[in-house]
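Novice: Quick one: structure below, then a few questions.
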Amino acid sequence: MAVLTAKFPELVAAGLPQNFFHNRKNPDCVQSNGAFCVGWAVDNFHTYVGPALKQATMVSVSVAAGFAIAMALALLSHRYGKLVPPLTGFTGILYTVPSLAFFALLIPITGFGTETAVIALSAYTLQIIYRNIVTGLANVPAGAKDAGRGMGMSSRQLLWRVELPLAVPEIIAGLRVATVSTVALATLAFFAGAGGLGEKIYTQLNFKTNIILAGGLAMLMAIVFDGLLVGLGRAVTPWRRHRAPPILEALRRLRRSV
Amino acid sequence: MTVTLLHLALPLGSVLNSFSDAVDFILHPQAAQTGGTEVGGVGYIWPFVRTHLEVSGLALAGSLVVSLPIGLWLGHRGRGELFAVALGNAGRAVPELAVIAFLAAFIGVGLQNVTIALMVLGIPPILTNTFVAVRQVDPDAVQAATGMGMRGPQVLARVELPLAASTIMSGVRTAAINIVATATIAPLAGVSTLGELILGRDVYGSDGVLAGAILVALLALIVELTLAGLQRLVTPRGLILQRASAGA
């Protein structure tokens, strides 16, 4: 700090270092609304855990519900191809409605609370998941299906043992996009009375540390969910040879050379 | 039987009531919840609609100006795949509320700042889609163009861009949806869009909130349908024919 003050006196004059390099004993940071008050963040971190967990639960339930509905719709349209255009259009329209408006439209119907948020959030996931399941099933190589039929599979067996497993990568890709965007959308769920990190942001809208902490936690949550889904995708498709991520590959090479 | 019907009809009735009250709010001025001033009515709401369209339009135009050239260039050169895709993925993870709050606390409020914040949400989908669209153009078509003596920029403008137009437009649609949706929370940063009604329950009451929600939803649908029509217009007929014959 002293070094910094000596080096950049004009920064001190602007009041920046106190804000940036705040220590716990310095309440100035909070009072002057510094960029990120580490001490405050450490002391108050525990108040963010509850809302974060609530948001994580909300996202999990919404994506799971959306996945179940999208899967049912996709299987129906796999059987009856004529359903694809109207269902694509319908889920697309749901996706278009801004989330805040969606919550507000649902409140007179389903009331104030987590259910309302979950209904809206799962409606948003439908478009992406449905589209990806349909494309995934459509992209199954004809040869694989022929082989299955040649082995005497019924169309139900063919679906569960050949088509769906081969569509898994596409389905997981859809789930990843849906989950990541649901985490982001769920920060507005407080408006429907569902709490979450958005409520933390909204209640102290001008306090910089709060915004960075809550917003950062939401983005971290998206990354964690994404990683979990990537792992799930690998676990359920053991027959696919996975190349290690570039960073691991580089580390391995490094170790070998040492 | 009658009892069940009645049970069903009661909540339905109250739902219909609140929606008709909301429509009434849009059409006719009424006393504010806080007393005193009159709120509601077409003349009162129109400026919100205009601001919403204005800030969304500016942000979409800005996003296009920034991301189209970069996406086209990267796609044409076949470079920066990691950058373009990672940007698209990261863009989805950014919570809209956090962007607006961050902007209001760190940079400042007002039309200009909100436009920039909305561009943060509009740039990733356009850039990623443009990149992917140009990369996916049939290499045979590009080779044929080169064989006909076209140079890099000509290939880009006369072969790659038309063939990529449809996918680029779907990125623009995603960006527009994001922007119009996020413009709804712009009142938190001092720009009075339609979100003013939704976020101002204390002043406008539940009728005003619902009225705002109906209008925002309609606005988003109109923007989406317009852009979908535009997408159909910019798709070359050859591609449509090709897809139709591939589907059949």
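Chain labels run A, B, ... following the order of the structure tokens; each chain numbers its residues from 1, and ligands are numbered from 1 in the order shown.
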Chain A residues within 8 Å of chain B, counting only C-alpha atoms: which ones, as a VMD selection string?
Specialist: chain A and resid 35 93 96 to 102 104 to 105 108 to 109 177 180 to 181 183 to 185 187 to 188 198 201 205 to 208 211 to 212 214 to 215 218 to 219 222 to 223
Novice: Emit the selected residues as a PDB file, in the first residue's frame, including C-alpha atoms.
Specialist:
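Final output, result.pdb:
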ATOM      1  CA  ALA A  35     -15.266  -1.576  -6.345  1.00  0.00           C
ATOM      2  CA  ILE A  93     -43.103 -18.507 -28.999  1.00  0.00           C
ATOM      3  CA  THR A  96     -39.676 -15.286 -27.081  1.00  0.00           C
ATOM      4  CA  VAL A  97     -41.660 -13.886 -24.148  1.00  0.00           C
ATOM      5  CA  PRO A  98     -39.286 -11.880 -21.906  1.00  0.00           C
ATOM      6  CA  SER A  99     -38.852 -13.587 -18.536  1.00  0.00           C
ATOM      7  CA  LEU A 100     -39.971 -10.660 -16.423  1.00  0.00           C
ATOM      8  CA  ALA A 101     -43.171 -10.428 -18.471  1.00  0.00           C
ATOM      9  CA  PHE A 102     -43.650 -14.207 -18.267  1.00  0.00           C
ATOM     10  CA  ALA A 104     -45.870 -11.142 -14.353  1.00  0.00           C
ATOM     11  CA  LEU A 105     -48.322 -12.892 -16.700  1.00  0.00           C
ATOM     12  CA  PRO A 108     -52.566 -13.849 -11.592  1.00  0.00           C
ATOM     13  CA  ILE A 109     -52.888 -17.508 -12.649  1.00  0.00           C
ATOM     14  CA  VAL A 177     -27.425 -24.586 -23.299  1.00  0.00           C
ATOM     15  CA  VAL A 180     -26.728 -22.307 -18.480  1.00  0.00           C
ATOM     16  CA  SER A 181     -29.369 -19.895 -19.715  1.00  0.00           C
ATOM     17  CA  VAL A 183     -29.237 -20.108 -14.324  1.00  0.00           C
ATOM     18  CA  ALA A 184     -29.011 -16.625 -15.834  1.00  0.00           C
ATOM     19  CA  LEU A 185     -32.791 -16.248 -16.168  1.00  0.00           C
ATOM     20  CA  THR A 187     -31.735 -14.326 -11.281  1.00  0.00           C
ATOM     21  CA  LEU A 188     -35.025 -12.617 -12.203  1.00  0.00           C
ATOM     22  CA  GLY A 198     -31.398 -11.988  -8.001  1.00  0.00           C
ATOM     23  CA  ILE A 201     -28.795  -8.077  -6.277  1.00  0.00           C
ATOM     24  CA  LEU A 205     -28.833  -2.529  -6.229  1.00  0.00           C
ATOM     25  CA  ASN A 206     -26.228   0.205  -5.820  1.00  0.00           C
ATOM     26  CA  PHE A 207     -23.726  -1.609  -3.628  1.00  0.00           C
ATOM     27  CA  LYS A 208     -20.916  -2.683  -5.961  1.00  0.00           C
ATOM     28  CA  ILE A 211     -23.469  -6.972  -7.360  1.00  0.00           C
ATOM     29  CA  ILE A 212     -20.092  -8.512  -8.136  1.00  0.00           C
ATOM     30  CA  ALA A 214     -24.056 -12.204  -6.404  1.00  0.00           C
ATOM     31  CA  GLY A 215     -23.487 -11.902 -10.163  1.00  0.00           C
ATOM     32  CA  ALA A 218     -24.569 -16.891 -10.560  1.00  0.00           C
ATOM     33  CA  MET A 219     -21.992 -17.210 -13.337  1.00  0.00           C
ATOM     34  CA  ALA A 222     -23.643 -21.804 -14.580  1.00  0.00           C
ATOM     35  CA  ILE A 223     -20.081 -23.066 -15.068  1.00  0.00           C
TER      36      ILE A 223
END
Novice: If you run DSSP on the backbone here, which positions in region 22-227 of chain B get strand (DSSP E)? Please write them as a PyMOL selection string.
Specialist: chain B and resi 30-31+38-39
Novice: Find the residues near Gly195 (chain A): any atom within 7 Å, counting only C-alpha atoms, skip ones fewer than 5 places away on the same chain, and give them as a list in words.
Specialist: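 Contacts, with the query itself left out: Pro51, Ala189 and Phe190 of chain A.
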Novice: Grab the CA of Ala68 (chain A) to CA of Leu137 (chain A) distance for me, in Å with one decimal place.
Specialist: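 Here the two named atoms are 16.0 Å from each other.
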